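Enquirer: Quick one, run_7.cif (mmCIF, N, CA and C atoms):
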```cif
data_structure
#
loop_
_atom_site.group_PDB
_atom_site.id
_atom_site.type_symbol
_atom_site.label_atom_id
_atom_site.label_comp_id
_atom_site.auth_asym_id
_atom_site.auth_seq_id
_atom_site.Cartn_x
_atom_site.Cartn_y
_atom_site.Cartn_z
ATOM 1 N N MET A 17 145.466 120.289 110.545
ATOM 2 C CA MET A 17 146.244 121.161 109.715
ATOM 3 C C MET A 17 146.279 122.554 110.340
ATOM 4 N N GLU A 18 147.434 123.141 110.400
ATOM 5 C CA GLU A 18 147.602 124.459 111.006
ATOM 6 C C GLU A 18 147.724 125.519 109.911
ATOM 7 N N ALA A 19 147.053 126.644 110.130
ATOM 8 C CA ALA A 19 147.120 127.748 109.167
ATOM 9 C C ALA A 19 148.522 128.349 109.168
ATOM 10 N N THR A 20 148.968 128.760 108.005
ATOM 11 C CA THR A 20 150.283 129.401 107.919
ATOM 12 C C THR A 20 150.174 130.851 108.366
ATOM 13 N N LYS A 21 151.271 131.380 108.856
ATOM 14 C CA LYS A 21 151.304 132.761 109.331
ATOM 15 C C LYS A 21 152.075 133.615 108.341
ATOM 16 N N THR A 22 151.596 134.833 108.157
ATOM 17 C CA THR A 22 152.279 135.787 107.288
ATOM 18 C C THR A 22 153.248 136.597 108.129
ATOM 19 N N LYS A 23 154.504 136.609 107.719
ATOM 20 C CA LYS A 23 155.516 137.375 108.445
ATOM 21 C C LYS A 23 156.123 138.410 107.507
ATOM 22 N N ILE A 24 155.858 139.648 107.789
ATOM 23 C CA ILE A 24 156.475 140.767 107.065
ATOM 24 C C ILE A 24 157.039 141.680 108.143
ATOM 25 N N ASN A 25 158.343 141.896 108.129
ATOM 26 C CA ASN A 25 158.966 142.663 109.212
ATOM 27 C C ASN A 25 159.082 144.155 108.884
ATOM 28 N N PHE A 26 158.185 144.660 108.037
ATOM 29 C CA PHE A 26 158.145 146.086 107.723
ATOM 30 C C PHE A 26 156.714 146.448 107.346
ATOM 31 N N LEU A 27 156.416 147.731 107.401
ATOM 32 C CA LEU A 27 155.093 148.202 106.998
ATOM 33 C C LEU A 27 155.063 148.414 105.496
ATOM 34 N N VAL A 28 153.930 148.158 104.895
ATOM 35 C CA VAL A 28 153.790 148.358 103.454
ATOM 36 C C VAL A 28 153.085 149.679 103.145
ATOM 37 N N GLU A 29 152.853 150.460 104.177
ATOM 38 C CA GLU A 29 152.164 151.745 104.036
ATOM 39 C C GLU A 29 152.829 152.603 102.962
ATOM 40 N N ASP A 30 152.033 153.036 101.982
ATOM 41 C CA ASP A 30 152.472 153.921 100.896
ATOM 42 C C ASP A 30 153.592 153.334 100.025
ATOM 43 N N LYS A 31 153.756 152.031 100.021
ATOM 44 C CA LYS A 31 154.779 151.399 99.185
ATOM 45 C C LYS A 31 154.121 150.697 98.000
ATOM 46 N N LYS A 32 154.908 150.493 96.940
ATOM 47 C CA LYS A 32 154.463 149.671 95.815
ATOM 48 C C LYS A 32 154.796 148.224 96.149
ATOM 49 N N VAL A 33 153.800 147.350 96.087
ATOM 50 C CA VAL A 33 153.968 145.948 96.419
ATOM 51 C C VAL A 33 153.702 145.123 95.162
ATOM 52 N N VAL A 34 154.576 144.165 94.889
ATOM 53 C CA VAL A 34 154.376 143.236 93.780
ATOM 54 C C VAL A 34 154.187 141.849 94.370
ATOM 55 N N LEU A 35 152.998 141.289 94.176
ATOM 56 C CA LEU A 35 152.717 139.921 94.597
ATOM 57 C C LEU A 35 153.123 138.984 93.464
ATOM 58 N N ILE A 36 153.685 137.825 93.817
ATOM 59 C CA ILE A 36 154.153 136.865 92.822
ATOM 60 C C ILE A 36 153.451 135.535 93.058
ATOM 61 N N ASP A 37 152.916 134.970 91.978
ATOM 62 C CA ASP A 37 152.231 133.679 92.052
ATOM 63 C C ASP A 37 152.750 132.805 90.918
ATOM 64 N N ASP A 38 152.983 131.520 91.198
ATOM 65 C CA ASP A 38 153.477 130.648 90.128
ATOM 66 C C ASP A 38 152.403 130.379 89.086
ATOM 67 N N VAL A 39 151.184 130.015 89.517
ATOM 68 C CA VAL A 39 150.085 129.768 88.587
ATOM 69 C C VAL A 39 148.859 130.549 89.058
ATOM 70 N N LEU A 40 148.374 131.456 88.235
ATOM 71 C CA LEU A 40 147.147 132.180 88.541
ATOM 72 C C LEU A 40 145.992 131.387 87.955
ATOM 73 N N TYR A 41 145.131 130.880 88.830
ATOM 74 C CA TYR A 41 144.043 130.010 88.398
ATOM 75 C C TYR A 41 142.710 130.661 88.737
ATOM 76 N N THR A 42 142.186 130.437 89.921
ATOM 77 C CA THR A 42 140.883 131.001 90.289
ATOM 78 C C THR A 42 140.982 132.423 90.818
ATOM 79 N N GLY A 43 142.166 132.790 91.333
ATOM 80 C CA GLY A 43 142.354 134.106 91.933
ATOM 81 C C GLY A 43 142.169 134.111 93.438
ATOM 82 N N ARG A 44 141.776 132.991 94.013
ATOM 83 C CA ARG A 44 141.507 132.957 95.458
ATOM 84 C C ARG A 44 142.762 133.126 96.302
ATOM 85 N N SER A 45 143.900 132.580 95.874
ATOM 86 C CA SER A 45 145.119 132.738 96.680
ATOM 87 C C SER A 45 145.598 134.192 96.656
ATOM 88 N N ILE A 46 145.438 134.866 95.536
ATOM 89 C CA ILE A 46 145.812 136.280 95.467
ATOM 90 C C ILE A 46 144.863 137.110 96.321
ATOM 91 N N ASN A 47 143.586 136.768 96.312
ATOM 92 C CA ASN A 47 142.628 137.461 97.163
ATOM 93 C C ASN A 47 143.008 137.306 98.634
ATOM 94 N N ALA A 48 143.418 136.106 99.034
ATOM 95 C CA ALA A 48 143.855 135.877 100.417
ATOM 96 C C ALA A 48 145.115 136.677 100.732
ATOM 97 N N ALA A 49 146.027 136.759 99.768
ATOM 98 C CA ALA A 49 147.257 137.542 99.972
ATOM 99 C C ALA A 49 146.930 139.018 100.141
ATOM 100 N N LEU A 50 145.991 139.531 99.368
ATOM 101 C CA LEU A 50 145.585 140.938 99.493
ATOM 102 C C LEU A 50 144.962 141.203 100.861
ATOM 103 N N THR A 51 144.166 140.269 101.332
ATOM 104 C CA THR A 51 143.548 140.405 102.655
ATOM 105 C C THR A 51 144.619 140.415 103.748
ATOM 106 N N ALA A 52 145.584 139.502 103.663
ATOM 107 C CA ALA A 52 146.659 139.443 104.659
ATOM 108 C C ALA A 52 147.530 140.691 104.602
ATOM 109 N N LEU A 53 147.747 141.204 103.404
ATOM 110 C CA LEU A 53 148.594 142.382 103.217
ATOM 111 C C LEU A 53 148.039 143.601 103.955
ATOM 112 N N GLN A 54 146.729 143.685 104.065
ATOM 113 C CA GLN A 54 146.093 144.818 104.740
ATOM 114 C C GLN A 54 146.470 144.906 106.213
ATOM 115 N N SER A 55 146.904 143.803 106.797
ATOM 116 C CA SER A 55 147.323 143.807 108.199
ATOM 117 C C SER A 55 148.640 144.554 108.402
ATOM 118 N N PHE A 56 149.348 144.815 107.319
ATOM 119 C CA PHE A 56 150.671 145.443 107.404
ATOM 120 C C PHE A 56 150.693 146.853 106.836
ATOM 121 N N GLY A 57 149.517 147.431 106.660
ATOM 122 C CA GLY A 57 149.424 148.794 106.170
ATOM 123 C C GLY A 57 148.653 148.857 104.866
ATOM 124 N N ARG A 58 148.533 150.073 104.375
ATOM 125 C CA ARG A 58 147.806 150.288 103.122
ATOM 126 C C ARG A 58 148.808 150.642 102.035
ATOM 127 N N PRO A 59 149.079 149.716 101.116
ATOM 128 C CA PRO A 59 150.051 149.989 100.065
ATOM 129 C C PRO A 59 149.572 151.100 99.132
ATOM 130 N N LYS A 60 150.532 151.804 98.565
ATOM 131 C CA LYS A 60 150.218 152.829 97.574
ATOM 132 C C LYS A 60 149.697 152.169 96.294
ATOM 133 N N GLU A 61 150.297 151.022 95.964
ATOM 134 C CA GLU A 61 149.961 150.310 94.734
ATOM 135 C C GLU A 61 150.278 148.831 94.912
ATOM 136 N N VAL A 62 149.455 147.965 94.336
ATOM 137 C CA VAL A 62 149.704 146.521 94.355
ATOM 138 C C VAL A 62 149.636 146.017 92.920
ATOM 139 N N GLU A 63 150.676 145.293 92.506
ATOM 140 C CA GLU A 63 150.714 144.689 91.181
ATOM 141 C C GLU A 63 150.887 143.184 91.342
ATOM 142 N N LEU A 64 150.542 142.446 90.288
ATOM 143 C CA LEU A 64 150.615 140.992 90.324
ATOM 144 C C LEU A 64 151.485 140.490 89.182
ATOM 145 N N LEU A 65 152.470 139.658 89.528
ATOM 146 C CA LEU A 65 153.314 138.974 88.567
ATOM 147 C C LEU A 65 153.011 137.489 88.684
ATOM 148 N N THR A 66 152.756 136.838 87.567
ATOM 149 C CA THR A 66 152.503 135.405 87.589
ATOM 150 C C THR A 66 153.305 134.715 86.495
ATOM 151 N N LEU A 67 153.840 133.556 86.823
ATOM 152 C CA LEU A 67 154.597 132.779 85.844
ATOM 153 C C LEU A 67 153.651 132.218 84.780
ATOM 154 N N ILE A 68 152.564 131.582 85.217
ATOM 155 C CA ILE A 68 151.586 130.984 84.318
ATOM 156 C C ILE A 68 150.214 131.577 84.622
ATOM 157 N N ASP A 69 149.579 132.125 83.602
ATOM 158 C CA ASP A 69 148.236 132.691 83.723
ATOM 159 C C ASP A 69 147.263 131.745 83.035
ATOM 160 N N ARG A 70 146.437 131.064 83.847
ATOM 161 C CA ARG A 70 145.404 130.174 83.297
ATOM 162 C C ARG A 70 144.164 131.000 83.020
ATOM 163 N N ARG A 71 143.975 131.361 81.781
ATOM 164 C CA ARG A 71 142.781 132.129 81.433
ATOM 165 C C ARG A 71 141.545 131.241 81.542
ATOM 166 N N PHE A 72 140.384 131.848 81.500
ATOM 167 C CA PHE A 72 139.092 131.150 81.444
ATOM 168 C C PHE A 72 138.739 130.396 82.722
ATOM 169 N N SER A 73 139.389 130.672 83.837
ATOM 170 C CA SER A 73 139.092 129.887 85.041
ATOM 171 C C SER A 73 138.990 130.742 86.301
ATOM 172 N N ARG A 74 138.869 132.035 86.155
ATOM 173 C CA ARG A 74 138.815 132.903 87.332
ATOM 174 C C ARG A 74 137.475 132.822 88.037
ATOM 175 N N HIS A 75 137.541 132.769 89.350
ATOM 176 C CA HIS A 75 136.353 132.921 90.184
ATOM 177 C C HIS A 75 136.232 134.376 90.632
ATOM 178 N N LEU A 76 137.348 135.096 90.590
ATOM 179 C CA LEU A 76 137.394 136.498 91.014
ATOM 180 C C LEU A 76 137.977 137.337 89.884
ATOM 181 N N PRO A 77 137.603 138.603 89.815
ATOM 182 C CA PRO A 77 138.109 139.471 88.729
ATOM 183 C C PRO A 77 139.528 139.978 88.996
ATOM 184 N N ILE A 78 140.489 139.064 88.968
ATOM 185 C CA ILE A 78 141.890 139.398 89.228
ATOM 186 C C ILE A 78 142.685 139.099 87.966
ATOM 187 N N GLN A 79 143.466 140.076 87.516
ATOM 188 C CA GLN A 79 144.285 139.906 86.321
ATOM 189 C C GLN A 79 145.717 140.301 86.646
ATOM 190 N N PRO A 80 146.706 139.604 86.086
ATOM 191 C CA PRO A 80 148.103 139.954 86.358
ATOM 192 C C PRO A 80 148.554 141.187 85.572
ATOM 193 N N ASN A 81 149.440 141.945 86.184
ATOM 194 C CA ASN A 81 150.092 143.052 85.479
ATOM 195 C C ASN A 81 151.214 142.531 84.598
ATOM 196 N N TYR A 82 151.845 141.448 85.063
ATOM 197 C CA TYR A 82 152.966 140.838 84.346
ATOM 198 C C TYR A 82 152.751 139.330 84.324
ATOM 199 N N ARG A 83 153.005 138.706 83.181
ATOM 200 C CA ARG A 83 152.842 137.243 83.091
ATOM 201 C C ARG A 83 153.962 136.668 82.257
ATOM 202 N N GLY A 84 154.371 135.457 82.648
ATOM 203 C CA GLY A 84 155.385 134.757 81.876
ATOM 204 C C GLY A 84 154.777 134.107 80.655
ATOM 205 N N ARG A 85 153.714 133.334 80.858
ATOM 206 C CA ARG A 85 153.058 132.616 79.758
ATOM 207 C C ARG A 85 151.569 132.522 80.066
ATOM 208 N N GLN A 86 150.768 132.695 79.045
ATOM 209 C CA GLN A 86 149.328 132.540 79.186
ATOM 210 C C GLN A 86 148.949 131.175 78.631
ATOM 211 N N VAL A 87 148.199 130.398 79.419
ATOM 212 C CA VAL A 87 147.827 129.043 79.043
ATOM 213 C C VAL A 87 146.308 128.948 79.006
ATOM 214 N N ASP A 88 145.793 128.433 77.911
ATOM 215 C CA ASP A 88 144.351 128.240 77.788
ATOM 216 C C ASP A 88 143.977 126.841 78.264
ATOM 217 N N ALA A 89 144.251 126.565 79.532
ATOM 218 C CA ALA A 89 143.946 125.258 80.124
ATOM 219 C C ALA A 89 142.498 125.259 80.588
ATOM 220 N N ILE A 90 141.801 124.174 80.293
ATOM 221 C CA ILE A 90 140.427 124.047 80.756
ATOM 222 C C ILE A 90 140.417 123.289 82.073
ATOM 223 N N ASP A 91 139.241 123.187 82.692
ATOM 224 C CA ASP A 91 139.148 122.665 84.054
ATOM 225 C C ASP A 91 139.675 121.244 84.238
ATOM 226 N N ASN A 92 139.615 120.393 83.215
ATOM 227 C CA ASN A 92 140.111 119.024 83.404
ATOM 228 C C ASN A 92 141.614 118.922 83.153
ATOM 229 N N GLU A 93 142.278 120.056 82.911
ATOM 230 C CA GLU A 93 143.725 120.073 82.738
ATOM 231 C C GLU A 93 144.370 120.709 83.962
ATOM 232 N N LYS A 94 145.567 120.259 84.272
ATOM 233 C CA LYS A 94 146.295 120.752 85.437
ATOM 234 C C LYS A 94 147.633 121.332 84.985
ATOM 235 N N VAL A 95 147.999 122.456 85.560
ATOM 236 C CA VAL A 95 149.313 123.044 85.310
ATOM 237 C C VAL A 95 150.185 122.718 86.507
ATOM 238 N N LYS A 96 151.314 122.066 86.252
ATOM 239 C CA LYS A 96 152.236 121.698 87.335
ATOM 240 C C LYS A 96 153.560 122.413 87.093
ATOM 241 N N VAL A 97 153.998 123.186 88.087
ATOM 242 C CA VAL A 97 155.264 123.912 88.012
ATOM 243 C C VAL A 97 156.260 123.221 88.925
ATOM 244 N N MET A 98 157.422 122.907 88.384
ATOM 245 C CA MET A 98 158.488 122.275 89.175
ATOM 246 C C MET A 98 159.675 123.240 89.204
ATOM 247 N N TRP A 99 160.316 123.312 90.363
ATOM 248 C CA TRP A 99 161.446 124.230 90.563
ATOM 249 C C TRP A 99 162.724 123.429 90.787
ATOM 250 N N GLU A 100 163.810 123.905 90.230
ATOM 251 C CA GLU A 100 165.095 123.212 90.354
ATOM 252 C C GLU A 100 165.466 122.977 91.807
ATOM 253 N N GLU A 101 165.223 123.959 92.658
ATOM 254 C CA GLU A 101 165.596 123.850 94.073
ATOM 255 C C GLU A 101 164.873 122.697 94.770
ATOM 256 N N ASN A 102 163.650 122.403 94.355
ATOM 257 C CA ASN A 102 162.851 121.355 95.004
ATOM 258 C C ASN A 102 162.762 120.074 94.182
ATOM 259 N N ASP A 103 162.727 120.221 92.859
ATOM 260 C CA ASP A 103 162.424 119.084 91.992
ATOM 261 C C ASP A 103 163.568 118.701 91.049
ATOM 262 N N GLY A 104 164.668 119.433 91.076
ATOM 263 C CA GLY A 104 165.812 119.109 90.234
ATOM 264 C C GLY A 104 165.807 119.752 88.865
ATOM 265 N N GLU A 105 164.695 120.401 88.487
ATOM 266 C CA GLU A 105 164.642 121.102 87.206
ATOM 267 C C GLU A 105 163.543 122.155 87.239
ATOM 268 N N ASP A 106 163.718 123.184 86.426
ATOM 269 C CA ASP A 106 162.688 124.204 86.237
ATOM 270 C C ASP A 106 161.889 123.809 85.004
ATOM 271 N N ILE A 107 160.635 123.439 85.213
ATOM 272 C CA ILE A 107 159.807 122.997 84.088
ATOM 273 C C ILE A 107 158.328 123.184 84.440
ATOM 274 N N VAL A 108 157.526 123.413 83.407
ATOM 275 C CA VAL A 108 156.075 123.538 83.576
ATOM 276 C C VAL A 108 155.416 122.479 82.718
ATOM 277 N N TYR A 109 154.497 121.724 83.324
ATOM 278 C CA TYR A 109 153.751 120.687 82.609
ATOM 279 C C TYR A 109 152.294 121.077 82.522
ATOM 280 N N LEU A 110 151.666 120.797 81.395
ATOM 281 C CA LEU A 110 150.221 120.879 81.257
ATOM 282 C C LEU A 110 149.731 119.434 81.170
ATOM 283 N N ILE A 111 149.012 118.993 82.193
ATOM 284 C CA ILE A 111 148.621 117.591 82.328
ATOM 285 C C ILE A 111 147.119 117.460 82.094
ATOM 286 N N ASN A 112 146.735 116.547 81.215
ATOM 287 C CA ASN A 112 145.350 116.248 80.962
ATOM 288 C C ASN A 112 144.928 115.132 81.910
ATOM 289 N N ARG A 113 144.000 115.417 82.798
ATOM 290 C CA ARG A 113 143.586 114.421 83.809
ATOM 291 C C ARG A 113 142.726 113.340 83.218
#
```
In structure tokens, what does this structure look like?
Expert:
Amino acid sequence: MEATKTKINFLVEDKKVVLIDDVLYTGRSINAALTALQSFGRPKEVELLTLIDRRFSRHLPIQPNYRGRQVDAIDNEKVKVMWEENDGEDIVYLINR
């Protein structure tokens, strides 16, 4: 498996950056995005927008500034987001494993 590369063709120095995540779960993907973002400068401000905020499951102290829906899913439940462009419809499922 090959690691993905971050491509940003501008500096983020002194800019407001909004990171977008479909499902905020443990916070690890946002932490990785923040780490990668540092390679492109030091933003003035970073905010987080998430479609689905899974409360009660953070490994890191990361909270969204903007959220579409807050879901109280526990660890044995899965949130699945489907997009019209890829899956034929925009829909969110809460699946009990």
Enquirer: Quick one: of A:Glu18, A:Asn112, A:Glu101, A:Lys32, who's nearest to Pro59 (chain A), counting only C-alpha atoms?
Expert: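 Answer, going by the shortest atom-to-atom distance: A:Lys32.
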Enquirer: Find the residues near Gln54 (chain A): any atom within 12 Å, counting only C-alpha atoms, skip ones fewer than 4 places away on the same chain, and give them as an MDAnalysis selection string.
Expert: chainID A and resid 22 24 27:30 33 47:50 58:60 62
Enquirer: Enter the distance from CA of Lys94 (chain A) to atom C of Arg74 (chain A), in Å, rounded to one decimal.
Expert: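 Atom C of Arg74 (chain A) lies at a distance of 15.2 Å from CA of Lys94 (chain A).
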Enquirer: For the point (146.5, 118.5, 79.9) in the file's frame, write as a short mmCIF file (atom, residue, chain, number, x, y, z; two decimals) with N, CA and C atoms, in the coordinates of the input all residues with an atom no more than 10 Å away, counting only C-alpha atoms.
Expert:
```
data_model
loop_
_atom_site.label_atom_id
_atom_site.label_comp_id
_atom_site.auth_asym_id
_atom_site.auth_seq_id
_atom_site.Cartn_x
_atom_site.Cartn_y
_atom_site.Cartn_z
N ALA A 89 144.25 126.56 79.53
CA ALA A 89 143.95 125.26 80.12
C ALA A 89 142.50 125.26 80.59
N ILE A 90 141.80 124.17 80.29
CA ILE A 90 140.43 124.05 80.76
C ILE A 90 140.42 123.29 82.07
N ASP A 91 139.24 123.19 82.69
CA ASP A 91 139.15 122.66 84.05
C ASP A 91 139.68 121.24 84.24
N ASN A 92 139.62 120.39 83.22
CA ASN A 92 140.11 119.02 83.40
C ASN A 92 141.61 118.92 83.15
N GLU A 93 142.28 120.06 82.91
CA GLU A 93 143.72 120.07 82.74
C GLU A 93 144.37 120.71 83.96
N LYS A 94 145.57 120.26 84.27
CA LYS A 94 146.29 120.75 85.44
C LYS A 94 147.63 121.33 84.98
N VAL A 95 148.00 122.46 85.56
CA VAL A 95 149.31 123.04 85.31
C VAL A 95 150.18 122.72 86.51
N LYS A 96 151.31 122.07 86.25
CA LYS A 96 152.24 121.70 87.34
C LYS A 96 153.56 122.41 87.09
N TYR A 109 154.50 121.72 83.32
CA TYR A 109 153.75 120.69 82.61
C TYR A 109 152.29 121.08 82.52
N LEU A 110 151.67 120.80 81.40
CA LEU A 110 150.22 120.88 81.26
C LEU A 110 149.73 119.43 81.17
N ILE A 111 149.01 118.99 82.19
CA ILE A 111 148.62 117.59 82.33
C ILE A 111 147.12 117.46 82.09
N ASN A 112 146.74 116.55 81.22
CA ASN A 112 145.35 116.25 80.96
C ASN A 112 144.93 115.13 81.91
N ARG A 113 144.00 115.42 82.80
CA ARG A 113 143.59 114.42 83.81
C ARG A 113 142.73 113.34 83.22
#
```
Enquirer: To one decimal in Å, tell me the separation between CA of Glu100 (chain A) and CA of Arg44 (chain A).
Expert: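 Here the two named atoms are 26.0 Å from each other.
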Enquirer: Need the shell around Tyr82 (chain A): protein/DNA/RNA residues with any atom at most 5 Å away, counting all atoms listed in the file. Skip same-chain ones fewer than 4 positions apart. Format as a list in words?
Expert: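 Answer for this query is Leu64, Leu65 and Thr66 of chain A.
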Enquirer: Enumerate, as number ranges by chain, the residues matched when the PyMOL selection byres ((chain A and resi 40) around 5) is run on the file above.
Expert: A: 38-39, 41-42, 68-70
Enquirer: If you run DSSP over the backbone, which residues in chain A end up strand (DSSP E or B)? Put them as a VMD selection string.
Expert: chain A and resid 32 to 40 61 to 70 82 to 87 93 to 98 107 to 112
Enquirer: Could you check how far CA of Arg85 (chain A) sits from atom N of Arg71 (chain A), in Å to one decimal?
Expert: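 Answer for the CA of Arg85 (chain A) to atom N of Arg71 (chain A) separation: 9.4 Å.
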Enquirer: Could you give me, as a compact mmCIF listing (two decimals) with N, CA and C atoms, in the frame of the given file, the residues within 7 Å of Val97 (chain A), counting all atoms listed in the file and dropping anything in the same chain fewer than 3 positions from it?
Expert:
```txt
# COMPACT_ATOMS: atom_id res chain seq x y z
N ASP A 106 163.72 123.18 86.43
CA ASP A 106 162.69 124.20 86.24
C ASP A 106 161.89 123.81 85.00
N ILE A 107 160.64 123.44 85.21
CA ILE A 107 159.81 123.00 84.09
C ILE A 107 158.33 123.18 84.44
N VAL A 108 157.53 123.41 83.41
CA VAL A 108 156.07 123.54 83.58
C VAL A 108 155.42 122.48 82.72
N TYR A 109 154.50 121.72 83.32
CA TYR A 109 153.75 120.69 82.61
C TYR A 109 152.29 121.08 82.52
```
Enquirer: Taking the backbone alone, and naming residues the way the document does, which bits of chain A are helix (DSSP H, G or I) by DSSP, as an MDAnalysis selection string?
Expert: chainID A and resid 44:56 100:103
